[in-house]
$ cat protein07.csv   # CSV, C-alpha atoms
chain,number,residue,atom,x,y,z
A,46,MET,CA,-17.6,6.1,4.6
A,47,GLY,CA,-20.3,5.9,1.9
A,48,LEU,CA,-22.2,2.7,2.1
A,49,SER,CA,-19.4,0.6,3.4
A,50,ALA,CA,-19.0,-0.8,7.0
A,51,ARG,CA,-17.5,1.5,9.6
A,52,PRO,CA,-15.1,-0.4,11.8
A,53,SER,CA,-13.9,1.1,15.1
A,54,GLY,CA,-10.3,1.1,13.9
A,55,GLY,CA,-8.0,0.4,10.9
A,56,TYR,CA,-8.1,3.9,9.3
A,57,ASP,CA,-4.3,4.1,9.0
A,58,LYS,CA,-3.5,3.7,5.3
A,59,LYS,CA,-1.1,0.8,5.8
A,60,THR,CA,-4.1,-1.2,7.2
A,61,GLN,CA,-6.3,0.0,4.4
A,62,GLY,CA,-3.6,-1.1,1.9
A,63,TYR,CA,-3.9,-4.6,3.3
A,64,ASP,CA,-7.7,-4.3,2.8
A,65,VAL,CA,-7.0,-3.6,-0.9
A,66,ALA,CA,-4.7,-6.6,-1.1
A,67,GLY,CA,-7.4,-8.8,0.5
A,68,LEU,CA,-10.0,-7.5,-1.9
A,69,LEU,CA,-7.8,-8.4,-4.9
A,70,ASP,CA,-7.1,-11.8,-3.4
A,71,ALA,CA,-10.9,-12.4,-3.0
A,72,LEU,CA,-11.4,-11.4,-6.7
A,73,LYS,CA,-8.4,-13.6,-7.7
A,74,ILE,CA,-6.7,-10.6,-9.3
A,75,ASP,CA,-2.9,-10.9,-9.0
A,76,LYS,CA,-1.8,-7.6,-10.7
A,77,ALA,CA,-3.6,-4.4,-11.4
A,78,ASP,CA,-3.2,-0.8,-12.7
A,79,LEU,CA,-3.8,1.5,-9.8
A,80,VAL,CA,-5.6,4.9,-10.2
A,81,THR,CA,-6.2,6.9,-7.0
A,82,HIS,CA,-7.4,10.3,-5.9
A,83,ASP,CA,-7.2,12.2,-2.7
A,84,ILE,CA,-6.9,9.9,0.4
A,85,GLY,CA,-7.0,7.1,-2.2
A,86,ASN,CA,-3.4,8.2,-3.1
A,87,MET,CA,-2.4,7.4,0.5
A,88,VAL,CA,-4.1,4.0,0.6
A,89,GLY,CA,-2.8,3.2,-2.9
A,90,TYR,CA,0.8,4.1,-2.0
A,91,ALA,CA,0.7,1.9,1.1
A,92,PHE,CA,-0.6,-1.0,-1.0
A,93,ALA,CA,2.0,-0.4,-3.7
A,94,ALA,CA,4.8,-0.1,-1.2
A,95,GLU,CA,3.8,-3.3,0.5
A,96,SER,CA,3.1,-5.2,-2.7
A,97,PRO,CA,5.0,-3.6,-5.5
A,98,ALA,CA,4.9,-6.6,-7.7
A,99,ARG,CA,1.1,-6.4,-7.8
A,100,VAL,CA,1.0,-2.9,-9.3
A,101,THR,CA,1.8,-2.5,-13.0
A,102,ARG,CA,1.2,1.2,-13.3
A,103,PHE,CA,0.2,3.8,-10.7
A,104,VAL,CA,-1.7,7.0,-11.2
A,105,LEU,CA,-2.0,9.4,-8.3
A,106,ILE,CA,-4.2,12.4,-8.5
A,107,ASP,CA,-4.1,15.7,-6.5
A,108,ALA,CA,-3.2,14.9,-2.9
A,109,PRO,CA,0.0,14.6,-0.9
A,110,LEU,CA,1.4,11.6,1.0
A,111,PRO,CA,1.9,12.0,4.7
A,112,GLY,CA,5.6,12.2,5.6
A,113,VAL,CA,6.8,12.1,2.0
A,114,GLY,CA,8.7,14.9,0.2
A,115,PRO,CA,7.4,18.4,1.1
A,116,TRP,CA,4.8,17.1,3.5
A,117,ASP,CA,5.9,19.4,6.4
A,118,ASP,CA,5.5,22.5,4.2
A,119,ILE,CA,2.3,21.3,2.6
A,120,VAL,CA,0.5,20.9,6.0
A,121,LYS,CA,1.4,24.5,6.9
A,122,SER,CA,-1.2,25.7,4.4
A,123,HIS,CA,-4.2,27.3,6.3
A,124,ALA,CA,-6.5,25.7,3.6
A,125,LEU,CA,-5.7,22.3,5.1
A,126,TRP,CA,-6.9,23.0,8.6
A,127,HIS,CA,-9.2,20.0,8.3
A,128,PHE,CA,-6.2,17.7,8.5
A,129,SER,CA,-6.2,18.4,12.2
A,130,PHE,CA,-10.0,18.7,12.7
A,131,TRP,CA,-11.2,15.5,14.3
A,132,GLY,CA,-12.4,14.1,17.7
A,133,PRO,CA,-15.7,14.1,19.6
A,134,ASP,CA,-16.2,17.8,19.7
A,135,ALA,CA,-15.5,18.2,16.0
A,136,GLU,CA,-18.1,15.5,15.4
A,137,ARG,CA,-20.6,17.4,17.6
A,138,LEU,CA,-19.9,20.7,15.8
A,139,VAL,CA,-20.6,19.1,12.4
A,140,ALA,CA,-23.6,16.9,13.4
A,141,GLY,CA,-26.6,18.1,11.5
A,142,ARG,CA,-24.4,20.5,9.6
A,143,GLU,CA,-22.7,18.0,7.3
A,144,ARG,CA,-23.7,19.9,4.2
A,145,ILE,CA,-22.1,23.1,5.5
A,146,TYR,CA,-18.9,21.3,6.3
A,147,LEU,CA,-18.7,19.5,2.9
A,148,ASP,CA,-19.7,22.6,0.9
A,149,ARG,CA,-16.5,24.2,2.1
A,150,PHE,CA,-14.4,21.5,0.4
A,151,TRP,CA,-16.3,21.8,-2.9
A,152,ASN,CA,-16.3,25.6,-2.9
A,153,GLU,CA,-12.8,26.3,-1.8
A,154,PHE,CA,-11.0,23.5,-3.6
A,155,SER,CA,-12.6,23.9,-7.0
A,156,ALA,CA,-11.4,26.3,-9.7
A,157,ASP,CA,-15.1,26.7,-10.4
A,158,PRO,CA,-17.5,25.6,-7.6
A,159,THR,CA,-20.4,25.3,-10.0
A,160,LYS,CA,-18.7,22.3,-11.6
A,161,PHE,CA,-19.6,20.3,-8.5
A,162,SER,CA,-23.3,19.8,-9.1
A,163,GLU,CA,-26.1,20.2,-6.6
A,164,ALA,CA,-27.1,16.6,-7.1
A,165,SER,CA,-23.6,15.4,-6.1
A,166,ARG,CA,-23.5,17.7,-3.1
A,167,ALA,CA,-26.9,16.5,-1.8
A,168,HIS,CA,-25.9,12.9,-2.4
A,169,TYR,CA,-22.7,13.1,-0.4
A,170,ALA,CA,-24.2,15.2,2.4
A,171,ARG,CA,-26.9,12.4,2.8
A,172,LEU,CA,-24.2,9.7,3.0
A,173,TYR,CA,-22.1,11.7,5.5
A,174,ALA,CA,-25.2,12.4,7.7
A,175,GLN,CA,-25.6,8.6,8.4
A,176,PRO,CA,-24.7,7.4,11.9
A,177,GLY,CA,-20.9,7.0,12.2
A,178,ALA,CA,-20.1,8.2,8.7
A,179,MET,CA,-18.5,11.6,9.7
A,180,HIS,CA,-16.6,9.8,12.5
A,181,ALA,CA,-15.1,7.5,9.9
A,182,GLY,CA,-14.2,10.4,7.7
A,183,PHE,CA,-12.5,12.2,10.6
A,184,GLU,CA,-10.6,9.0,11.5
A,185,GLN,CA,-8.9,9.1,8.1
A,186,PHE,CA,-7.3,12.5,9.0
A,187,LYS,CA,-6.6,11.4,12.6
A,188,ALA,CA,-4.4,8.6,11.2
A,189,PHE,CA,-2.1,10.9,9.2
A,190,ASP,CA,0.5,11.1,12.0
A,191,GLN,CA,0.8,7.3,11.9
A,192,ASP,CA,0.7,7.3,8.1
A,193,ALA,CA,3.7,9.7,8.1
A,194,ILE,CA,5.7,7.3,10.2
A,195,ASP,CA,4.7,4.3,8.1
A,196,ASN,CA,5.4,6.1,4.8
A,197,LYS,CA,8.9,7.3,5.9
A,198,ALA,CA,9.7,3.6,6.7
A,199,PHE,CA,8.4,2.6,3.2
A,200,VAL,CA,10.6,5.2,1.5
A,201,ALA,CA,13.6,4.2,3.5
A,202,LYS,CA,13.1,0.6,2.6
A,203,ALA,CA,12.7,1.2,-1.2
A,204,LYS,CA,11.3,3.6,-3.7
A,205,LEU,CA,8.5,2.4,-6.0
A,206,THR,CA,9.9,1.3,-9.4
A,207,MET,CA,6.7,0.8,-11.5
A,208,PRO,CA,5.8,3.7,-13.9
A,209,VAL,CA,4.0,6.4,-11.9
A,210,LEU,CA,1.9,9.3,-13.3
A,211,ALA,CA,1.6,12.2,-10.8
A,212,VAL,CA,-1.5,14.3,-11.7
A,213,GLY,CA,-2.3,17.7,-10.2
A,214,GLY,CA,-5.2,20.0,-10.8
A,215,GLU,CA,-3.9,23.3,-12.3
A,216,LYS,CA,-5.5,25.3,-9.6
A,217,SER,CA,-4.7,22.8,-6.8
A,218,PHE,CA,-1.5,20.8,-6.3
A,219,GLY,CA,-0.4,21.1,-9.9
A,220,PRO,CA,3.3,20.2,-10.3
A,221,THR,CA,3.7,19.6,-6.6
A,222,MET,CA,2.3,16.1,-7.2
A,223,ALA,CA,5.4,15.2,-9.2
A,224,VAL,CA,7.6,16.6,-6.5
A,225,VAL,CA,5.9,14.4,-3.9
A,226,MET,CA,6.1,11.3,-5.9
A,227,ARG,CA,9.8,11.7,-7.0
A,228,ALA,CA,10.5,11.5,-3.3
A,229,ALA,CA,8.9,8.1,-3.2
A,230,ALA,CA,9.3,6.6,-6.7
A,231,THR,CA,12.0,6.3,-9.4
A,232,ASN,CA,9.9,6.4,-12.6
A,233,VAL,CA,7.6,9.4,-12.4
A,234,GLN,CA,5.8,11.3,-15.1
A,235,GLU,CA,4.1,14.7,-14.4
A,236,ALA,CA,0.7,15.8,-15.7
A,237,ILE,CA,-1.5,18.7,-15.1
A,238,VAL,CA,-5.3,18.8,-15.5
A,239,PRO,CA,-6.0,22.3,-16.9
A,240,ASN,CA,-8.9,24.5,-15.7
A,241,SER,CA,-9.4,22.4,-12.6
A,242,GLY,CA,-9.0,22.5,-8.9
A,243,HIS,CA,-8.9,19.4,-6.7
A,244,TRP,CA,-12.0,17.8,-8.1
A,245,VAL,CA,-10.6,16.8,-11.5
A,246,MET,CA,-13.3,14.4,-12.5
A,247,GLU,CA,-16.1,16.9,-11.8
A,248,GLU,CA,-14.3,19.9,-13.1
A,249,ASN,CA,-12.5,18.6,-16.2
A,250,PRO,CA,-13.3,14.9,-16.7
A,251,GLY,CA,-12.4,14.8,-20.4
A,252,ALA,CA,-8.8,15.9,-19.8
A,253,THR,CA,-8.4,13.7,-16.7
A,254,ILE,CA,-9.6,10.6,-18.5
A,255,ALA,CA,-7.4,11.3,-21.5
A,256,LEU,CA,-4.3,11.7,-19.3
A,257,VAL,CA,-5.0,8.5,-17.4
A,258,THR,CA,-6.0,6.3,-20.3
A,259,ALA,CA,-3.0,7.4,-22.4
A,260,PHE,CA,-0.6,6.5,-19.5
A,261,LEU,CA,-2.2,3.1,-18.9
A,262,ALA,CA,-2.1,2.3,-22.6
A,263,LYS,CA,1.7,2.7,-22.8

$ encode --input "protein07.csv" --output "structure tokens"
Amino acid sequence: MGLSARPSGGYDKKTQGYDVAGLLDALKIDKADLVTHDIGNMVGYAFAAESPARVTRFVLIDAPLPGVGPWDDIVKSHALWHFSFWGPDAERLVAGRERIYLDRFWNEFSADPTKFSEASRAHYARLYAQPGAMHAGFEQFKAFDQDAIDNKAFVAKAKLTMPVLAVGGEKSFGPTMAVVMRAAATNVQEAIVPNSGHWVMEENPGATIALVTAFLAK
């Protein structure tokens, strides 16, 4: 995705968590604060569950964790049909129509779609139109079933004990983020970004940054 390499496999979040660990090793960083959003939450959780001693504080923003807490109820939402939209025919349907597919996320998951700028929309549409990019994006969703299995095993082994801030957009996951994380962690604080849907850094960056920096400074 983006400008990174697109391997044929490894889109399960447990493997991507290992990738994060490898990156930190290469940078000679032993411990870090972790701030994640959307599928980043899933990758970050896998990393934190595998290497809890390396995460000092963990902020998760507006996306659930496969297999954790109310996951089975969350995925019943018709708005999340894209979780099951992947495969060769899905790729053929979207090819050349990447902007239409992506606009749907920005329009439907925003409290105010105008907050997601035209420049940003065009930028991401160009990236996702590159060969293999949409396939890589779909593979993230395809892996959710395996992620759910892995996450259930993580929770059964041990809950996270580092301080966790569960942030939801007011018009998106809201307080559900804290419900999700209390199923997977023992020290969870709840926060809501007001006047925002899913895209908190585009819709209300000031409030989002204030919440995150205050938590990390404690």

$ residues_around --input "protein07.csv" --residues "region 177-189 of chain A" --least-positions-apart "6" --cutoff "9 Å" --atoms "all atoms listed in the file" --output "list in words"
Met46, Gly47, Leu48, Arg51, Pro52, Ser53, Gly54, Gly55, Tyr56, Asp57, Lys58, Ile84, Leu110, Pro111, Gly112, His127, Phe128, Ser129, Phe130, Trp131, Gly132, Pro133, Ala135, Glu136, Val139, Ala140 and Glu143 of chain A

$ closest_residue --input "protein07.csv" --among "A:Phe218, A:Trp116, A:Phe161, A:Phe150" --to "Asn249 (chain A)" --atoms "all atoms listed in the file"
A:Phe161

$ closest_residue --input "protein07.csv" --among "A:Asp192, A:Asp134, A:Asp148, A:Asp78" --to "Ala93 (chain A)" --atoms "all atoms listed in the file"
A:Asp78

$ closest_residue --input "protein07.csv" --among "A:Val104, A:Ala77, A:Gly85, A:Leu138" --to "Val257 (chain A)" --atoms "all atoms listed in the file"
A:Val104

$ closest_residue --input "protein07.csv" --among "A:Asn86, A:Ser241, A:Thr101, A:Ser162" --to "Thr206 (chain A)" --atoms "all atoms listed in the file"
A:Thr101

$ decode --input "protein07.csv" --residues "region 146-188 of chain A" --atoms "N, CA and C atoms" --output "PDB file, in the first residue's frame"
ATOM      1  N   TYR A 146     -14.472   4.027  -5.477  1.00  0.00           N
ATOM      2  CA  TYR A 146     -14.436   3.126  -4.325  1.00  0.00           C
ATOM      3  C   TYR A 146     -13.963   3.862  -3.076  1.00  0.00           C
ATOM      4  N   LEU A 147     -12.903   4.644  -3.206  1.00  0.00           N
ATOM      5  CA  LEU A 147     -12.343   5.337  -2.050  1.00  0.00           C
ATOM      6  C   LEU A 147     -13.229   6.488  -1.583  1.00  0.00           C
ATOM      7  N   ASP A 148     -13.859   7.187  -2.501  1.00  0.00           N
ATOM      8  CA  ASP A 148     -14.765   8.274  -2.109  1.00  0.00           C
ATOM      9  C   ASP A 148     -15.840   7.776  -1.155  1.00  0.00           C
ATOM     10  N   ARG A 149     -16.277   6.561  -1.365  1.00  0.00           N
ATOM     11  CA  ARG A 149     -17.308   6.001  -0.498  1.00  0.00           C
ATOM     12  C   ARG A 149     -16.855   6.002   0.962  1.00  0.00           C
ATOM     13  N   PHE A 150     -15.603   5.673   1.239  1.00  0.00           N
ATOM     14  CA  PHE A 150     -15.088   5.683   2.617  1.00  0.00           C
ATOM     15  C   PHE A 150     -15.077   7.102   3.185  1.00  0.00           C
ATOM     16  N   TRP A 151     -14.573   8.029   2.389  1.00  0.00           N
ATOM     17  CA  TRP A 151     -14.446   9.404   2.882  1.00  0.00           C
ATOM     18  C   TRP A 151     -15.812  10.057   3.057  1.00  0.00           C
ATOM     19  N   ASN A 152     -16.738   9.755   2.176  1.00  0.00           N
ATOM     20  CA  ASN A 152     -18.058  10.368   2.250  1.00  0.00           C
ATOM     21  C   ASN A 152     -18.917   9.768   3.357  1.00  0.00           C
ATOM     22  N   GLU A 153     -18.926   8.449   3.466  1.00  0.00           N
ATOM     23  CA  GLU A 153     -19.830   7.790   4.404  1.00  0.00           C
ATOM     24  C   GLU A 153     -19.285   7.708   5.826  1.00  0.00           C
ATOM     25  N   PHE A 154     -17.966   7.750   5.987  1.00  0.00           N
ATOM     26  CA  PHE A 154     -17.390   7.590   7.320  1.00  0.00           C
ATOM     27  C   PHE A 154     -16.943   8.915   7.930  1.00  0.00           C
ATOM     28  N   SER A 155     -17.275  10.018   7.304  1.00  0.00           N
ATOM     29  CA  SER A 155     -16.968  11.345   7.832  1.00  0.00           C
ATOM     30  C   SER A 155     -18.223  11.963   8.428  1.00  0.00           C
ATOM     31  N   ALA A 156     -18.054  12.742   9.488  1.00  0.00           N
ATOM     32  CA  ALA A 156     -19.166  13.550   9.977  1.00  0.00           C
ATOM     33  C   ALA A 156     -19.475  14.646   8.966  1.00  0.00           C
ATOM     34  N   ASP A 157     -18.426  15.155   8.332  1.00  0.00           N
ATOM     35  CA  ASP A 157     -18.552  16.182   7.298  1.00  0.00           C
ATOM     36  C   ASP A 157     -17.579  15.836   6.179  1.00  0.00           C
ATOM     37  N   PRO A 158     -18.059  15.264   5.062  1.00  0.00           N
ATOM     38  CA  PRO A 158     -17.164  14.823   3.998  1.00  0.00           C
ATOM     39  C   PRO A 158     -16.277  15.924   3.426  1.00  0.00           C
ATOM     40  N   THR A 159     -16.664  17.186   3.580  1.00  0.00           N
ATOM     41  CA  THR A 159     -15.837  18.258   3.028  1.00  0.00           C
ATOM     42  C   THR A 159     -14.522  18.408   3.787  1.00  0.00           C
ATOM     43  N   LYS A 160     -14.448  17.818   4.971  1.00  0.00           N
ATOM     44  CA  LYS A 160     -13.206  17.906   5.753  1.00  0.00           C
ATOM     45  C   LYS A 160     -12.089  17.059   5.153  1.00  0.00           C
ATOM     46  N   PHE A 161     -12.459  16.081   4.294  1.00  0.00           N
ATOM     47  CA  PHE A 161     -11.442  15.287   3.601  1.00  0.00           C
ATOM     48  C   PHE A 161     -11.207  15.953   2.258  1.00  0.00           C
ATOM     49  N   SER A 162     -10.089  16.630   2.118  1.00  0.00           N
ATOM     50  CA  SER A 162      -9.865  17.555   1.006  1.00  0.00           C
ATOM     51  C   SER A 162      -9.746  16.847  -0.344  1.00  0.00           C
ATOM     52  N   GLU A 163     -10.000  17.600  -1.382  1.00  0.00           N
ATOM     53  CA  GLU A 163      -9.854  17.083  -2.738  1.00  0.00           C
ATOM     54  C   GLU A 163      -8.407  16.692  -3.010  1.00  0.00           C
ATOM     55  N   ALA A 164      -7.460  17.465  -2.514  1.00  0.00           N
ATOM     56  CA  ALA A 164      -6.049  17.138  -2.730  1.00  0.00           C
ATOM     57  C   ALA A 164      -5.706  15.783  -2.115  1.00  0.00           C
ATOM     58  N   SER A 165      -6.207  15.519  -0.901  1.00  0.00           N
ATOM     59  CA  SER A 165      -5.948  14.233  -0.255  1.00  0.00           C
ATOM     60  C   SER A 165      -6.623  13.095  -1.010  1.00  0.00           C
ATOM     61  N   ARG A 166      -7.856  13.321  -1.451  1.00  0.00           N
ATOM     62  CA  ARG A 166      -8.578  12.294  -2.197  1.00  0.00           C
ATOM     63  C   ARG A 166      -7.831  11.923  -3.482  1.00  0.00           C
ATOM     64  N   ALA A 167      -7.381  12.934  -4.203  1.00  0.00           N
ATOM     65  CA  ALA A 167      -6.666  12.682  -5.455  1.00  0.00           C
ATOM     66  C   ALA A 167      -5.348  11.958  -5.200  1.00  0.00           C
ATOM     67  N   HIS A 168      -4.676  12.348  -4.125  1.00  0.00           N
ATOM     68  CA  HIS A 168      -3.388  11.728  -3.763  1.00  0.00           C
ATOM     69  C   HIS A 168      -3.562  10.236  -3.514  1.00  0.00           C
ATOM     70  N   TYR A 169      -4.523   9.869  -2.662  1.00  0.00           N
ATOM     71  CA  TYR A 169      -4.717   8.465  -2.323  1.00  0.00           C
ATOM     72  C   TYR A 169      -5.254   7.674  -3.512  1.00  0.00           C
ATOM     73  N   ALA A 170      -6.103   8.277  -4.307  1.00  0.00           N
ATOM     74  CA  ALA A 170      -6.619   7.579  -5.488  1.00  0.00           C
ATOM     75  C   ALA A 170      -5.486   7.234  -6.447  1.00  0.00           C
ATOM     76  N   ARG A 171      -4.531   8.153  -6.596  1.00  0.00           N
ATOM     77  CA  ARG A 171      -3.373   7.873  -7.458  1.00  0.00           C
ATOM     78  C   ARG A 171      -2.558   6.707  -6.903  1.00  0.00           C
ATOM     79  N   LEU A 172      -2.332   6.696  -5.589  1.00  0.00           N
ATOM     80  CA  LEU A 172      -1.548   5.618  -4.986  1.00  0.00           C
ATOM     81  C   LEU A 172      -2.232   4.271  -5.165  1.00  0.00           C
ATOM     82  N   TYR A 173      -3.537   4.241  -4.941  1.00  0.00           N
ATOM     83  CA  TYR A 173      -4.263   2.973  -5.016  1.00  0.00           C
ATOM     84  C   TYR A 173      -4.471   2.504  -6.444  1.00  0.00           C
ATOM     85  N   ALA A 174      -4.252   3.376  -7.416  1.00  0.00           N
ATOM     86  CA  ALA A 174      -4.370   2.982  -8.821  1.00  0.00           C
ATOM     87  C   ALA A 174      -3.094   2.326  -9.338  1.00  0.00           C
ATOM     88  N   GLN A 175      -2.039   2.323  -8.538  1.00  0.00           N
ATOM     89  CA  GLN A 175      -0.795   1.691  -8.957  1.00  0.00           C
ATOM     90  C   GLN A 175      -0.975   0.172  -9.037  1.00  0.00           C
ATOM     91  N   PRO A 176      -0.200  -0.484  -9.897  1.00  0.00           N
ATOM     92  CA  PRO A 176      -0.329  -1.945 -10.024  1.00  0.00           C
ATOM     93  C   PRO A 176      -0.135  -2.643  -8.681  1.00  0.00           C
ATOM     94  N   GLY A 177      -1.076  -3.489  -8.323  1.00  0.00           N
ATOM     95  CA  GLY A 177      -0.964  -4.279  -7.104  1.00  0.00           C
ATOM     96  C   GLY A 177      -1.393  -3.580  -5.832  1.00  0.00           C
ATOM     97  N   ALA A 178      -1.627  -2.286  -5.891  1.00  0.00           N
ATOM     98  CA  ALA A 178      -1.937  -1.551  -4.660  1.00  0.00           C
ATOM     99  C   ALA A 178      -3.314  -1.917  -4.109  1.00  0.00           C
ATOM    100  N   MET A 179      -4.315  -1.985  -4.952  1.00  0.00           N
ATOM    101  CA  MET A 179      -5.639  -2.333  -4.466  1.00  0.00           C
ATOM    102  C   MET A 179      -5.680  -3.782  -3.995  1.00  0.00           C
ATOM    103  N   HIS A 180      -4.945  -4.657  -4.658  1.00  0.00           N
ATOM    104  CA  HIS A 180      -4.847  -6.047  -4.201  1.00  0.00           C
ATOM    105  C   HIS A 180      -4.305  -6.089  -2.775  1.00  0.00           C
ATOM    106  N   ALA A 181      -3.254  -5.319  -2.529  1.00  0.00           N
ATOM    107  CA  ALA A 181      -2.672  -5.287  -1.184  1.00  0.00           C
ATOM    108  C   ALA A 181      -3.684  -4.757  -0.170  1.00  0.00           C
ATOM    109  N   GLY A 182      -4.450  -3.753  -0.571  1.00  0.00           N
ATOM    110  CA  GLY A 182      -5.468  -3.226   0.327  1.00  0.00           C
ATOM    111  C   GLY A 182      -6.531  -4.262   0.651  1.00  0.00           C
ATOM    112  N   PHE A 183      -6.983  -4.988  -0.360  1.00  0.00           N
ATOM    113  CA  PHE A 183      -7.992  -6.019  -0.136  1.00  0.00           C
ATOM    114  C   PHE A 183      -7.452  -7.162   0.727  1.00  0.00           C
ATOM    115  N   GLU A 184      -6.173  -7.462   0.578  1.00  0.00           N
ATOM    116  CA  GLU A 184      -5.582  -8.543   1.368  1.00  0.00           C
ATOM    117  C   GLU A 184      -5.626  -8.236   2.868  1.00  0.00           C
ATOM    118  N   GLN A 185      -5.585  -6.950   3.215  1.00  0.00           N
ATOM    119  CA  GLN A 185      -5.710  -6.580   4.637  1.00  0.00           C
ATOM    120  C   GLN A 185      -7.044  -7.073   5.196  1.00  0.00           C
ATOM    121  N   PHE A 186      -8.120  -6.909   4.420  1.00  0.00           N
ATOM    122  CA  PHE A 186      -9.434  -7.345   4.867  1.00  0.00           C
ATOM    123  C   PHE A 186      -9.570  -8.873   4.814  1.00  0.00           C
ATOM    124  N   LYS A 187      -9.033  -9.456   3.773  1.00  0.00           N
ATOM    125  CA  LYS A 187      -9.103 -10.908   3.619  1.00  0.00           C
ATOM    126  C   LYS A 187      -8.509 -11.620   4.825  1.00  0.00           C
ATOM    127  N   ALA A 188      -7.523 -11.015   5.453  1.00  0.00           N
ATOM    128  CA  ALA A 188      -6.828 -11.639   6.578  1.00  0.00           C
ATOM    129  C   ALA A 188      -7.592 -11.537   7.898  1.00  0.00           C
TER     130      ALA A 188
END
